[in-house]
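S.K.: So I've got this file, coords.tsv, and it contains TSV, C-alpha atoms:
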```tsv
chain	number	residue	atom	x	y	z
T	1	MET	CA	104.24	46.30	95.03
T	2	ALA	CA	107.97	46.80	94.87
T	3	ASN	CA	107.58	50.54	94.35
T	4	GLU	CA	105.03	50.98	97.12
T	5	THR	CA	106.09	53.60	99.64
T	6	HIS	CA	105.45	53.09	103.32
T	7	GLU	CA	104.80	55.86	105.80
T	8	SER	CA	105.56	55.27	109.43
T	9	VAL	CA	103.48	57.41	111.75
T	10	ILE	CA	104.52	58.24	115.29
T	11	GLY	CA	101.54	59.70	117.10
T	12	SER	CA	101.40	62.76	119.29
T	13	ASP	CA	101.18	60.65	122.47
T	14	VAL	CA	104.43	58.80	121.76
T	15	GLU	CA	107.81	59.69	123.22
T	16	ILE	CA	110.91	58.02	121.89
T	17	ILE	CA	114.43	58.19	123.25
T	18	GLY	CA	116.87	56.82	120.72
T	19	THR	CA	117.47	56.72	117.01
T	20	ILE	CA	114.81	56.16	114.39
T	21	LYS	CA	115.97	54.75	111.07
T	22	SER	CA	113.71	54.18	108.12
T	23	SER	CA	114.06	53.65	104.41
T	24	GLY	CA	110.67	55.20	103.78
T	25	THR	CA	108.73	58.23	104.93
T	26	VAL	CA	108.31	59.01	108.62
T	27	ARG	CA	105.64	61.24	110.03
T	28	LEU	CA	106.38	62.35	113.56
T	29	ASP	CA	103.80	64.03	115.76
T	30	GLY	CA	105.24	62.99	119.09
T	31	LYS	CA	108.50	63.63	120.92
T	32	LEU	CA	111.88	62.34	119.92
T	33	GLU	CA	115.12	62.58	121.83
T	34	GLY	CA	117.63	61.31	119.35
T	35	GLU	CA	118.30	61.09	115.67
T	36	LEU	CA	115.86	60.59	112.85
T	37	ILE	CA	117.34	59.12	109.70
T	38	CYS	CA	115.05	58.58	106.73
T	39	GLY	CA	115.69	57.38	103.25
T	40	GLY	CA	112.43	59.05	102.25
T	41	ASN	CA	110.74	62.12	103.62
T	42	ALA	CA	110.56	63.27	107.22
T	43	ILE	CA	107.40	65.10	108.21
T	44	LEU	CA	107.41	66.78	111.58
T	45	GLY	CA	103.86	67.73	112.51
T	46	LYS	CA	102.68	70.67	114.58
T	47	THR	CA	102.96	68.75	117.84
T	48	ALA	CA	106.35	67.23	117.02
T	49	GLN	CA	109.30	67.99	119.27
T	50	VAL	CA	112.74	66.74	118.30
T	51	LYS	CA	115.98	67.01	120.21
T	52	GLY	CA	118.50	65.66	117.78
T	53	ASN	CA	119.53	65.69	114.18
T	54	VAL	CA	117.26	64.85	111.28
T	55	THR	CA	118.55	63.43	108.03
T	56	ALA	CA	116.23	62.69	105.11
T	57	THR	CA	115.63	63.20	101.44
T	58	SER	CA	113.25	66.01	102.24
T	59	VAL	CA	112.11	67.45	105.54
T	60	SER	CA	108.86	69.25	106.25
T	61	ILE	CA	108.61	70.99	109.62
T	62	GLU	CA	105.64	72.37	111.45
T	63	GLY	CA	106.80	71.61	114.98
T	64	LYS	CA	109.92	72.25	117.03
T	65	ILE	CA	113.39	70.92	116.50
T	66	ASN	CA	116.59	71.46	118.44
T	67	GLY	CA	119.17	69.94	116.17
T	68	ASN	CA	120.61	70.01	112.71
T	69	LEU	CA	118.70	69.27	109.55
T	70	LEU	CA	120.28	67.64	106.55
T	71	ALA	CA	118.17	67.04	103.48
T	72	LYS	CA	119.27	65.60	100.20
T	73	ASP	CA	116.64	67.57	98.36
T	74	LYS	CA	114.40	69.99	100.20
T	75	ILE	CA	113.66	71.52	103.58
T	76	GLU	CA	110.25	73.05	104.03
T	77	MET	CA	109.53	75.18	107.08
T	78	LYS	CA	105.89	75.95	107.70
T	79	ALA	CA	104.74	79.06	109.54
T	80	THR	CA	104.53	77.29	112.90
T	81	ALA	CA	108.02	75.77	112.71
T	82	THR	CA	110.72	76.45	115.27
T	83	VAL	CA	114.22	75.39	114.30
T	84	ASN	CA	117.26	75.79	116.52
T	85	GLY	CA	120.10	74.31	114.56
T	86	ASP	CA	121.90	74.29	111.26
T	87	ILE	CA	120.30	73.32	108.02
T	88	LYS	CA	121.72	72.01	104.78
T	89	ALA	CA	119.74	71.22	101.67
T	90	ARG	CA	119.55	71.82	97.96
T	91	ARG	CA	116.22	73.59	98.10
T	92	LEU	CA	114.57	75.57	100.86
T	93	SER	CA	111.10	76.94	101.41
T	94	VAL	CA	110.33	79.09	104.42
T	95	GLU	CA	106.96	80.53	105.31
T	96	ASP	CA	106.65	83.81	107.13
T	97	GLY	CA	106.25	83.20	110.85
T	98	VAL	CA	108.99	80.65	111.45
T	99	THR	CA	111.50	80.88	114.23
T	100	PHE	CA	114.92	79.90	112.97
T	101	VAL	CA	118.25	80.32	114.67
T	102	GLY	CA	121.19	78.62	113.05
T	103	ARG	CA	123.33	78.40	109.98
T	104	SER	CA	121.86	77.76	106.60
T	105	GLU	CA	123.60	76.27	103.62
T	106	VAL	CA	121.11	76.21	100.82
T	107	ASN	CA	122.20	76.84	97.30
T	108	PRO	CA	119.83	75.63	94.61
T	109	ASN	CA	122.54	76.03	91.98
T	110	SER	CA	125.06	73.83	93.75
T	111	GLN	CA	125.71	70.14	93.18
T	112	PRO	CA	123.34	67.86	95.07
T	113	THR	CA	124.32	66.78	98.55
T	114	PRO	CA	125.27	63.10	98.87
T	115	ALA	CA	122.24	61.07	99.77
T	116	PRO	CA	121.88	59.99	103.39
T	117	GLN	CA	122.51	56.28	103.72
T	118	PRO	CA	120.41	54.90	106.53
T	119	ASN	CA	121.69	51.56	107.73
T	120	VAL	CA	118.34	49.81	107.73
T	121	PRO	CA	118.26	46.03	107.90
T	122	GLN	CA	116.47	44.35	105.02
T	123	ARG	CA	113.10	42.87	105.82
E	124	MET	CA	42.87	139.35	92.12
E	125	ALA	CA	45.34	138.87	89.28
E	126	ALA	CA	47.88	141.01	91.15
E	127	LYS	CA	47.75	138.63	94.09
E	128	LYS	CA	48.94	135.70	92.00
E	129	THR	CA	52.54	134.83	92.70
E	130	LYS	CA	54.90	134.67	89.78
E	131	MET	CA	57.64	132.90	91.70
E	132	MET	CA	56.82	129.83	93.79
E	133	ASP	CA	58.87	129.11	96.86
E	134	GLY	CA	59.46	125.62	98.20
E	135	TYR	CA	56.64	125.78	100.71
E	136	SER	CA	54.17	126.76	97.98
E	137	VAL	CA	55.30	123.81	95.86
E	138	VAL	CA	54.72	121.38	98.73
E	139	ARG	CA	51.31	122.87	99.43
E	140	SER	CA	50.35	122.69	95.74
E	141	LEU	CA	51.37	119.05	95.49
E	142	ALA	CA	49.48	118.16	98.68
E	143	LYS	CA	46.37	119.88	97.39
E	144	ALA	CA	46.64	118.17	93.99
E	145	LYS	CA	46.97	114.81	95.69
E	146	GLN	CA	43.97	115.59	97.89
E	147	ASP	CA	41.90	116.58	94.88
E	148	GLY	CA	42.84	113.39	93.06
E	149	VAL	CA	44.73	115.19	90.32
E	150	LEU	CA	47.94	113.28	91.09
E	151	PRO	CA	47.89	109.47	91.14
E	152	ALA	CA	48.85	107.74	94.34
E	153	PRO	CA	52.49	106.65	94.51
E	154	GLY	CA	52.93	103.30	92.76
E	155	ALA	CA	49.42	103.41	91.27
E	156	HIS	CA	50.79	103.15	87.74
E	157	ARG	CA	52.42	99.82	88.54
E	158	HIS	CA	50.66	96.52	88.47
E	159	ALA	CA	50.54	94.40	91.56
E	160	GLU	CA	52.73	91.66	90.04
E	161	ASP	CA	55.44	94.21	89.25
E	162	LEU	CA	55.66	95.17	92.90
E	163	SER	CA	55.67	91.59	94.07
E	164	SER	CA	58.68	90.79	91.91
E	165	HIS	CA	60.82	93.05	94.07
E	166	PRO	CA	61.89	91.50	97.34
E	167	PRO	CA	61.17	93.59	100.37
E	168	PRO	CA	64.17	95.38	101.87
E	169	THR	CA	64.04	93.15	104.93
E	170	ALA	CA	65.00	90.18	102.73
E	171	MET	CA	68.52	91.58	102.42
E	172	PRO	CA	71.00	90.75	105.15
E	173	ALA	CA	71.63	93.50	107.62
E	174	ASP	CA	75.26	93.86	106.65
E	175	ASN	CA	74.67	93.73	102.92
E	176	PRO	CA	76.38	96.67	101.34
E	177	HIS	CA	74.19	98.01	98.59
E	178	ILE	CA	77.31	98.83	96.64
E	179	VAL	CA	78.86	95.43	96.14
E	180	LYS	CA	82.30	96.52	95.02
E	181	THR	CA	84.15	99.60	96.09
E	182	ILE	CA	87.57	100.51	94.83
E	183	GLN	CA	89.68	102.60	97.10
E	184	PRO	CA	92.31	104.69	95.42
E	185	THR	CA	95.82	103.44	96.11
E	186	LYS	CA	97.55	105.37	98.82
E	187	ARG	CA	101.20	106.15	98.92
E	188	THR	CA	103.30	107.38	101.76
E	189	ILE	CA	104.96	110.73	101.34
E	190	ARG	CA	107.76	111.81	103.63
E	191	CYS	CA	108.63	115.45	103.95
E	192	PHE	CA	112.27	116.11	103.13
E	193	LYS	CA	112.39	119.03	105.53
E	194	CYS	CA	110.71	117.85	108.70
E	195	GLY	CA	110.49	114.10	108.07
E	196	TYR	CA	106.74	114.00	108.65
E	197	GLU	CA	105.05	111.10	106.90
E	198	PHE	CA	101.55	111.25	105.55
E	199	GLN	CA	99.44	109.31	103.12
E	200	LEU	CA	98.27	110.57	99.79
E	201	SER	CA	95.85	109.04	97.37
E	202	GLY	CA	95.37	110.03	93.77
E	203	THR	CA	97.77	111.75	91.48
E	204	THR	CA	99.11	115.22	91.87
E	205	LYS	CA	102.28	116.98	90.78
E	206	THR	CA	103.02	118.82	93.99
E	207	ILE	CA	101.79	118.88	97.54
E	208	TYR	CA	102.51	120.83	100.68
E	209	CYS	CA	103.64	119.08	103.84
E	210	SER	CA	100.72	119.13	106.24
E	211	LYS	CA	103.10	119.83	109.13
E	212	CYS	CA	105.71	122.32	107.95
E	213	ARG	CA	104.05	123.48	104.70
E	214	GLU	CA	107.15	122.65	102.69
E	215	LYS	CA	106.38	122.27	99.00
E	216	ILE	CA	107.05	118.70	97.85
E	217	ASP	CA	107.41	117.78	94.22
E	218	LEU	CA	105.75	114.47	93.39
E	219	GLY	CA	106.87	114.11	89.82
E	220	ASP	CA	108.50	111.03	88.36
E	221	TYR	CA	111.85	111.34	86.63
E	222	VAL	CA	113.70	109.13	84.18
E	223	VAL	CA	117.44	109.60	83.84
E	224	ASP	CA	118.76	108.09	80.64
E	225	ARG	CA	121.87	110.24	80.13
E	226	PRO	CA	124.59	111.78	82.31
E	227	TRP	CA	122.85	113.78	85.02
E	228	SER	CA	124.26	116.28	87.47
E	229	GLU	CA	121.22	118.22	88.62
E	230	GLU	CA	119.76	117.56	92.05
E	231	ILE	CA	116.40	115.80	92.09
E	232	LYS	CA	114.15	116.13	95.09
E	233	THR	CA	110.83	114.40	94.64
E	234	GLY	CA	108.34	112.36	96.55
E	235	GLY	CA	107.75	110.38	93.39
E	236	SER	CA	110.00	107.95	91.60
E	237	VAL	CA	113.34	108.25	89.89
E	238	ILE	CA	114.46	105.68	87.34
E	239	VAL	CA	118.08	105.69	86.31
E	240	ARG	CA	118.26	103.73	83.08
E	241	PRO	CA	121.34	101.69	82.12
E	242	THR	CA	122.34	104.56	79.82
E	243	GLY	CA	121.97	107.07	82.65
E	244	ARG	CA	124.82	108.12	84.92
E	245	LEU	CA	124.66	110.17	88.09
E	246	GLU	CA	127.53	112.63	88.32
E	247	ASN	CA	128.14	114.54	91.51
E	248	VAL	CA	124.46	114.73	92.30
E	249	ARG	CA	122.19	114.03	95.19
E	250	ILE	CA	118.89	112.28	94.59
E	251	TRP	CA	116.07	112.46	97.10
E	252	ALA	CA	113.06	110.42	96.11
E	253	GLY	CA	110.27	108.17	97.26
E	254	ASN	CA	111.32	105.24	95.11
E	255	VAL	CA	114.45	104.82	93.05
E	256	ILE	CA	115.29	102.20	90.45
E	257	LEU	CA	119.00	102.31	89.81
E	258	GLU	CA	120.13	100.48	86.70
E	259	GLY	CA	122.76	102.94	85.54
E	260	GLU	CA	126.01	104.01	87.11
E	261	MET	CA	126.73	106.64	89.71
E	262	ASP	CA	130.06	108.22	90.54
E	263	GLU	CA	131.55	108.30	94.01
E	264	HIS	CA	130.37	111.85	94.69
E	265	SER	CA	126.71	111.05	94.12
E	266	SER	CA	124.25	109.79	96.67
E	267	ILE	CA	120.72	108.46	96.78
E	268	GLU	CA	118.23	108.80	99.60
E	269	CYS	CA	114.94	106.92	99.32
E	270	THR	CA	112.04	107.25	101.66
E	271	GLN	CA	110.54	104.01	100.35
E	272	TRP	CA	112.02	101.45	97.96
E	273	LEU	CA	115.42	101.35	96.33
E	274	GLU	CA	115.84	98.79	93.59
E	275	LEU	CA	119.32	97.89	92.46
E	276	GLY	CA	119.78	96.28	89.09
E	277	GLY	CA	121.61	96.49	85.81
E	278	GLN	CA	125.16	97.82	85.93
E	279	ALA	CA	124.67	99.75	89.14
E	280	ASN	CA	127.55	99.18	91.52
E	281	PRO	CA	127.32	101.92	94.11
E	282	HIS	CA	129.20	102.04	97.37
E	283	PRO	CA	126.80	101.16	100.20
E	284	ARG	CA	127.64	104.41	101.98
E	285	GLN	CA	126.16	106.32	99.05
E	286	LEU	CA	122.76	104.77	99.60
E	287	THR	CA	120.10	105.45	102.19
E	288	MET	CA	116.87	103.55	101.89
E	289	ARG	CA	113.97	102.20	103.88
E	290	ASN	CA	113.36	99.10	101.79
E	291	LEU	CA	115.76	97.40	99.42
E	292	ARG	CA	115.12	95.23	96.41
E	293	VAL	CA	117.93	93.53	94.49
E	294	ALA	CA	116.80	92.81	90.95
E	295	ALA	CA	117.18	89.46	89.24
E	296	GLY	CA	120.66	88.74	88.01
E	297	LYS	CA	122.23	91.48	90.13
E	298	GLU	CA	125.01	90.70	92.61
E	299	MET	CA	125.50	93.17	95.40
E	300	ARG	CA	127.85	93.21	98.35
E	301	PHE	CA	127.55	95.35	101.44
E	302	LYS	CA	130.58	95.43	103.70
E	303	TYR	CA	128.71	97.24	106.42
E	304	LYS	CA	125.67	96.27	108.39
E	305	LEU	CA	122.64	96.75	106.21
E	306	GLN	CA	119.68	98.04	108.18
E	307	VAL	CA	116.40	98.02	106.29
E	308	HIS	CA	112.73	97.53	106.88
E	309	HIS	CA	111.85	95.14	104.05
E	310	LEU	CA	114.37	93.31	101.93
E	311	GLU	CA	113.43	91.55	98.72
E	312	LEU	CA	115.97	89.51	96.83
E	313	LEU	CA	115.63	88.37	93.28
E	314	GLY	CA	119.37	88.59	92.80
E	315	THR	CA	122.30	87.88	95.08
E	316	LEU	CA	123.19	89.88	98.15
E	317	GLU	CA	126.13	89.38	100.44
E	318	ALA	CA	125.63	91.37	103.59
E	319	ASP	CA	125.09	91.50	107.30
E	320	VAL	CA	121.36	92.22	107.21
E	321	GLU	CA	119.25	93.54	110.05
E	322	ALA	CA	115.61	93.86	109.01
E	323	THR	CA	112.66	95.10	110.98
E	324	GLY	CA	110.17	93.90	108.39
E	325	LEU	CA	110.11	90.98	106.02
E	326	VAL	CA	113.17	89.44	104.41
E	327	SER	CA	111.92	87.83	101.26
E	328	ILE	CA	114.12	85.65	99.10
E	329	ARG	CA	112.39	85.03	95.81
E	330	GLU	CA	113.10	82.37	93.25
E	331	GLY	CA	116.59	82.95	91.93
E	332	GLY	CA	117.53	85.16	94.87
E	333	HIS	CA	120.38	84.30	97.20
E	334	LEU	CA	121.41	85.78	100.52
E	335	LYS	CA	124.89	85.29	101.92
E	336	GLY	CA	126.21	86.53	105.24
E	337	THR	CA	124.03	87.09	108.26
E	338	VAL	CA	120.35	87.82	108.55
E	339	ARG	CA	118.74	89.02	111.72
E	340	GLY	CA	115.10	89.95	112.04
E	341	ALA	CA	111.57	88.89	112.73
E	342	HIS	CA	110.22	87.62	109.44
E	343	LEU	CA	111.80	85.48	106.79
E	344	GLN	CA	110.26	84.07	103.67
E	345	VAL	CA	112.11	81.91	101.19
E	346	GLU	CA	110.46	80.88	97.98
E	347	GLU	CA	111.39	77.58	96.47
E	348	GLY	CA	114.41	78.21	94.30
E	349	GLY	CA	115.80	80.85	96.62
E	350	GLY	CA	119.19	80.36	98.28
E	351	LEU	CA	120.25	81.11	101.82
E	352	SER	CA	123.86	80.65	102.86
E	353	ALA	CA	123.91	82.58	106.07
E	354	ARG	CA	123.80	82.67	109.79
E	355	VAL	CA	120.15	83.16	110.54
E	356	PHE	CA	118.46	84.74	113.54
E	357	ILE	CA	114.75	84.87	112.82
E	358	TRP	CA	112.75	85.50	115.92
E	359	PRO	CA	109.12	86.62	115.33
E	360	GLN	CA	108.35	86.91	119.04
E	361	GLY	CA	110.70	89.80	119.63
E	362	ASN	CA	114.37	90.55	119.62
E	363	PRO	CA	116.56	87.74	118.38
E	364	PRO	CA	118.77	86.07	120.96
E	365	ALA	CA	122.34	87.20	121.39
E	366	GLU	CA	124.66	85.78	118.82
E	367	ASP	CA	126.79	82.91	120.05
E	368	SER	CA	130.48	83.57	119.77
```
Please express the file's structure as structure tokens.

M.R.:
Amino acid sequence: MANETHESVIGSDVEIIGTIKSSGTVRLDGKLEGELICGGNAILGKTAQVKGNVTATSVSIEGKINGNLLAKDKIEMKATATVNGDIKARRLSVEDGVTFVGRSEVNPNSQPTPAPQPNVPQR
Amino acid sequence: MAAKKTKMMDGYSVVRSLAKAKQDGVLPAPGAHRHAEDLSSHPPPTAMPADNPHIVKTIQPTKRTIRCFKCGYEFQLSGTTKTIYCSKCREKIDLGDYVVDRPWSEEIKTGGSVIVRPTGRLENVRIWAGNVILEGEMDEHSSIECTQWLELGGQANPHPRQLTMRNLRVAAGKEMRFKYKLQVHHLELLGTLEADVEATGLVSIREGGHLKGTVRGAHLQVEEGGGLSARVFIWPQGNPPAEDS
């Protein structure tokens, strides 16, 4: 039970203004105006719209984001993704069809980026 | 009566003879030699879907684009041939493939491929070709013009101004730096490229490839294991937005 991973899902009909912090995985299909900080993975679905920075171990994007992306491990941009902002990760995967305007710092041969430390209160 | 007999039978006579033989019962009716069960084992033609191609697999010969060196007209050619004439200006175009594995100073003008091996060296020569793989060296007085793909690899370290290409591929392990704006259609990176890239086609960074500098275009593809340290303007809908100062 201790190793069980939790996924928090924010539906497409949800709008959040503020910061989301989680130690696990977050799947976002709704709108977010603010930061998303995950200790696990951040999955931005096709209907997701984010205005703010996203920090996670790995980020998968199918929706739109206006903000910077920082991933400890990997950033994955699907064909429907729109990213306006800078990205930084150790690994990157981009499908043909993405819209991406920003700076990219992805070097698979470099030392790993320090892990994001979300300040999540213990349950 | 014997003189009236025809020695040569024309087509009409053959048809008439066959019709008469059939009428007289000399010839069996079509399909009479088959048993009924043999015929029933074959599905009627209507059982096949309307769009069913009777030839299941067809293989089209690969086509390659040839560009006339004289008038610039592009046309497609399938199959193999040594030479061809431009369908617009009738210029003769050599389509042979060449391998340069020693010092070379003779002009090559071909619609085919030229491979410059690591042991090859271009000396004061101009190469016109469809595709070029450059692994050897070239001096500062040489130049390469490709109508299709240019692949840079090995020890090749040409000055960017010596190269004209439509598509560029940087081979694995190769590091290349372009000081000037690099305008290409497709760009494929298996090695490292530092440049200000403007691509009208697909920029593809394969595993082990790395792009540094600026990339501006409509299509970007990065395989896992590829690196991208650049300012990126990828805008599939049209022209990328103006660069922020």

S.K.: Name the residues, using the chain letters and numbers of the file, that sit within 9 Å of (99.9, 104.6, 104.3) when counting only C-alpha atoms, and give them as a PDB file with C-alpha atoms, in the frame of the given file.

M.R.:
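New file point.pdb:
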```
ATOM      1  CA  LYS E 186      97.550 105.370  98.820  1.00  0.00           C
ATOM      2  CA  ARG E 187     101.200 106.150  98.920  1.00  0.00           C
ATOM      3  CA  THR E 188     103.300 107.380 101.760  1.00  0.00           C
ATOM      4  CA  ILE E 189     104.960 110.730 101.340  1.00  0.00           C
ATOM      5  CA  GLU E 197     105.050 111.100 106.900  1.00  0.00           C
ATOM      6  CA  PHE E 198     101.550 111.250 105.550  1.00  0.00           C
ATOM      7  CA  GLN E 199      99.440 109.310 103.120  1.00  0.00           C
ATOM      8  CA  LEU E 200      98.270 110.570  99.790  1.00  0.00           C
TER       9      LEU E 200
END
```

S.K.: Using only C-alpha atoms, which protein or nucleic acid residues come within 8 Å of range 13-23 of chain T? Drop anything in the same chain fewer than 4 positions from it, and give the result as a PDB file with C-alpha atoms, in the coordinates of the input.

M.R.:
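So part.pdb came out as:
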```pdb
ATOM      1  CA  ASP T  29     103.800  64.030 115.760  1.00  0.00           C
ATOM      2  CA  GLY T  30     105.240  62.990 119.090  1.00  0.00           C
ATOM      3  CA  LYS T  31     108.500  63.630 120.920  1.00  0.00           C
ATOM      4  CA  LEU T  32     111.880  62.340 119.920  1.00  0.00           C
ATOM      5  CA  GLU T  33     115.120  62.580 121.830  1.00  0.00           C
ATOM      6  CA  GLY T  34     117.630  61.310 119.350  1.00  0.00           C
ATOM      7  CA  GLU T  35     118.300  61.090 115.670  1.00  0.00           C
ATOM      8  CA  LEU T  36     115.860  60.590 112.850  1.00  0.00           C
ATOM      9  CA  ILE T  37     117.340  59.120 109.700  1.00  0.00           C
ATOM     10  CA  CYS T  38     115.050  58.580 106.730  1.00  0.00           C
ATOM     11  CA  GLY T  39     115.690  57.380 103.250  1.00  0.00           C
ATOM     12  CA  GLY T  40     112.430  59.050 102.250  1.00  0.00           C
ATOM     13  CA  PRO T 118     120.410  54.900 106.530  1.00  0.00           C
ATOM     14  CA  ASN T 119     121.690  51.560 107.730  1.00  0.00           C
ATOM     15  CA  VAL T 120     118.340  49.810 107.730  1.00  0.00           C
TER      16      VAL T 120
END
```

S.K.: Residues of chain T were defined as contacting chain E if any atom lay at most 7 Å from it, counting only C-alpha atoms; please report them as a ChimeraX atom specification.

M.R.: /T:91-97,99-108

S.K.: Compile the contact shell of Asn68 in chain T as a PyMOL selection string: residues with an atom at most 10 Å away, counting all atoms listed in the file, same-chain residues fewer than 5 positions apart removed.

M.R.: chain T and resi 35+51-55+83-88+102-104

S.K.: Quick one: pull the distance between CA of Gly277 in chain E and CA of Val223 in chain E, Å, one decimal.

M.R.: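 Separating CA of Gly277 in chain E from CA of Val223 in chain E is a distance of 13.9 Å.
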
S.K.: CA of Tyr303 in chain E and CA of Val320 in chain E are how many Å apart?

M.R.: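 CA of Val320 in chain E lies 8.9 Å from CA of Tyr303 in chain E.
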
S.K.: Using only C-alpha atoms, pick whichever of E:Leu218, E:Leu310, E:Gly324, E:Leu305 has the shortest atom-to-atom distance to Val293 in chain E.

M.R.: E:Leu310

S.K.: Find the spatial neighbours of Gly45 in chain T, counting all atoms listed in the file, within a cut-off of 6 Å - ignore same-chain residues fewer than 3 positions away - and output them as a list of chain:residue names.

M.R.: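 Contacts, in chain order: T:Asp29, T:Ala48, T:Glu62, T:Gly63.
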
S.K.: Please determine the residues with any atom at most 10 Å from (123.8, 97.2, 93.2) (coordinates as given in the file, with all atoms listed in the file counting) and report them as a list in words.

M.R.: Leu257, Glu258, Gly259, Glu260, Leu273, Glu274, Leu275, Gly276, Gly277, Gln278, Ala279, Asn280, Pro281, His282, Pro283, Leu286, Arg292, Val293, Ala294, Lys297, Glu298, Met299, Arg300, Phe301, Gly314, Thr315 and Leu316 of chain E

S.K.: Could you tell me how far CA of Thr80 in chain T lies from CA of His6 in chain T, in Å and to one decimal?

M.R.: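 If I compute the distance from CA of Thr80 in chain T to CA of His6 in chain T, I get 26.0 Å.
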
S.K.: For His308 in chain E, find every residue with an atom within 6 Å (counting only C-alpha atoms), except residues of its own chain fewer than 2 positions away, and show them as a tab-separated table (two decimals) with C-alpha atoms, in the frame of the given file.

M.R.:
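Final file, around-v8.tsv:
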```tsv
chain	number	residue	atom	x	y	z
E	289	ARG	CA	113.97	102.20	103.88
E	290	ASN	CA	113.36	99.10	101.79
E	322	ALA	CA	115.61	93.86	109.01
E	323	THR	CA	112.66	95.10	110.98
E	324	GLY	CA	110.17	93.90	108.39
```

S.K.: Go through E:Thr204, E:Lys302, E:Ser265, E:Leu141 one by one, measure the shortest atom-to-atom distance of each to Trp227 in chain E using only C-alpha atoms, and give the residue with the smallest value.

M.R.: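 Checking each candidate against Trp227 in chain E, we get E:Ser265 as the closest.
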
S.K.: Could you give me, as number ranges by chain, the residues within 6 Å of Asp224 in chain E, counting all atoms listed in the file and dropping anything in the same chain fewer than 2 positions from it?

M.R.: E: 240, 242-243

S.K.: Which one is closest to Phe192 in chain E: E:Lys232, E:His264, E:Lys205, E:Lys143? Count all atoms listed in the file.

M.R.: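 Ranking E:Lys232, E:His264, E:Lys205, E:Lys143 by distance to Phe192 in chain E, first place goes to E:Lys232.
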
S.K.: Draw an axis-aligned box tight on the listed atoms of range 181-190 of chain E, then pad every side by 6 Å and write out centre and edge lengths in Å to one decimal as lines of an AutoDock Vina configuration file.

M.R.:
```
center_x = 96.0
center_y = 105.7
center_z = 99.2
size_x = 35.6
size_y = 24.2
size_z = 20.8
```

S.K.: When you get a chance, write out N, CA and C atoms for range 320-331 of chain E, as a PDB file, keeping the file's coordinate frame.

M.R.:
```
ATOM      1  N   VAL E 320     122.671  91.571 107.339  1.00  0.00           N
ATOM      2  CA  VAL E 320     121.360  92.220 107.210  1.00  0.00           C
ATOM      3  C   VAL E 320     120.650  92.255 108.567  1.00  0.00           C
ATOM      4  N   GLU E 321     120.116  93.408 108.875  1.00  0.00           N
ATOM      5  CA  GLU E 321     119.250  93.540 110.050  1.00  0.00           C
ATOM      6  C   GLU E 321     117.945  94.161 109.550  1.00  0.00           C
ATOM      7  N   ALA E 322     116.882  93.397 109.592  1.00  0.00           N
ATOM      8  CA  ALA E 322     115.610  93.860 109.010  1.00  0.00           C
ATOM      9  C   ALA E 322     114.533  93.918 110.080  1.00  0.00           C
ATOM     10  N   THR E 323     113.776  94.983 110.050  1.00  0.00           N
ATOM     11  CA  THR E 323     112.660  95.100 110.980  1.00  0.00           C
ATOM     12  C   THR E 323     111.374  94.548 110.381  1.00  0.00           C
ATOM     13  N   GLY E 324     111.358  94.428 109.077  1.00  0.00           N
ATOM     14  CA  GLY E 324     110.170  93.900 108.390  1.00  0.00           C
ATOM     15  C   GLY E 324     110.411  92.504 107.869  1.00  0.00           C
ATOM     16  N   LEU E 325     110.046  92.303 106.629  1.00  0.00           N
ATOM     17  CA  LEU E 325     110.110  90.980 106.020  1.00  0.00           C
ATOM     18  C   LEU E 325     111.342  90.860 105.115  1.00  0.00           C
ATOM     19  N   VAL E 326     112.085  89.794 105.337  1.00  0.00           N
ATOM     20  CA  VAL E 326     113.170  89.440 104.410  1.00  0.00           C
ATOM     21  C   VAL E 326     112.617  88.383 103.484  1.00  0.00           C
ATOM     22  N   SER E 327     112.536  88.721 102.226  1.00  0.00           N
ATOM     23  CA  SER E 327     111.920  87.830 101.260  1.00  0.00           C
ATOM     24  C   SER E 327     112.934  87.434 100.199  1.00  0.00           C
ATOM     25  N   ILE E 328     113.194  86.144 100.113  1.00  0.00           N
ATOM     26  CA  ILE E 328     114.120  85.650  99.100  1.00  0.00           C
ATOM     27  C   ILE E 328     113.286  84.959  98.035  1.00  0.00           C
ATOM     28  N   ARG E 329     113.223  85.557  96.886  1.00  0.00           N
ATOM     29  CA  ARG E 329     112.390  85.030  95.810  1.00  0.00           C
ATOM     30  C   ARG E 329     113.168  84.003  95.005  1.00  0.00           C
ATOM     31  N   GLU E 330     112.470  83.373  94.099  1.00  0.00           N
ATOM     32  CA  GLU E 330     113.100  82.370  93.250  1.00  0.00           C
ATOM     33  C   GLU E 330     114.249  83.004  92.474  1.00  0.00           C
ATOM     34  N   GLY E 331     115.404  82.413  92.591  1.00  0.00           N
ATOM     35  CA  GLY E 331     116.590  82.950  91.930  1.00  0.00           C
ATOM     36  C   GLY E 331     117.396  83.871  92.810  1.00  0.00           C
TER      37      GLY E 331
END
```
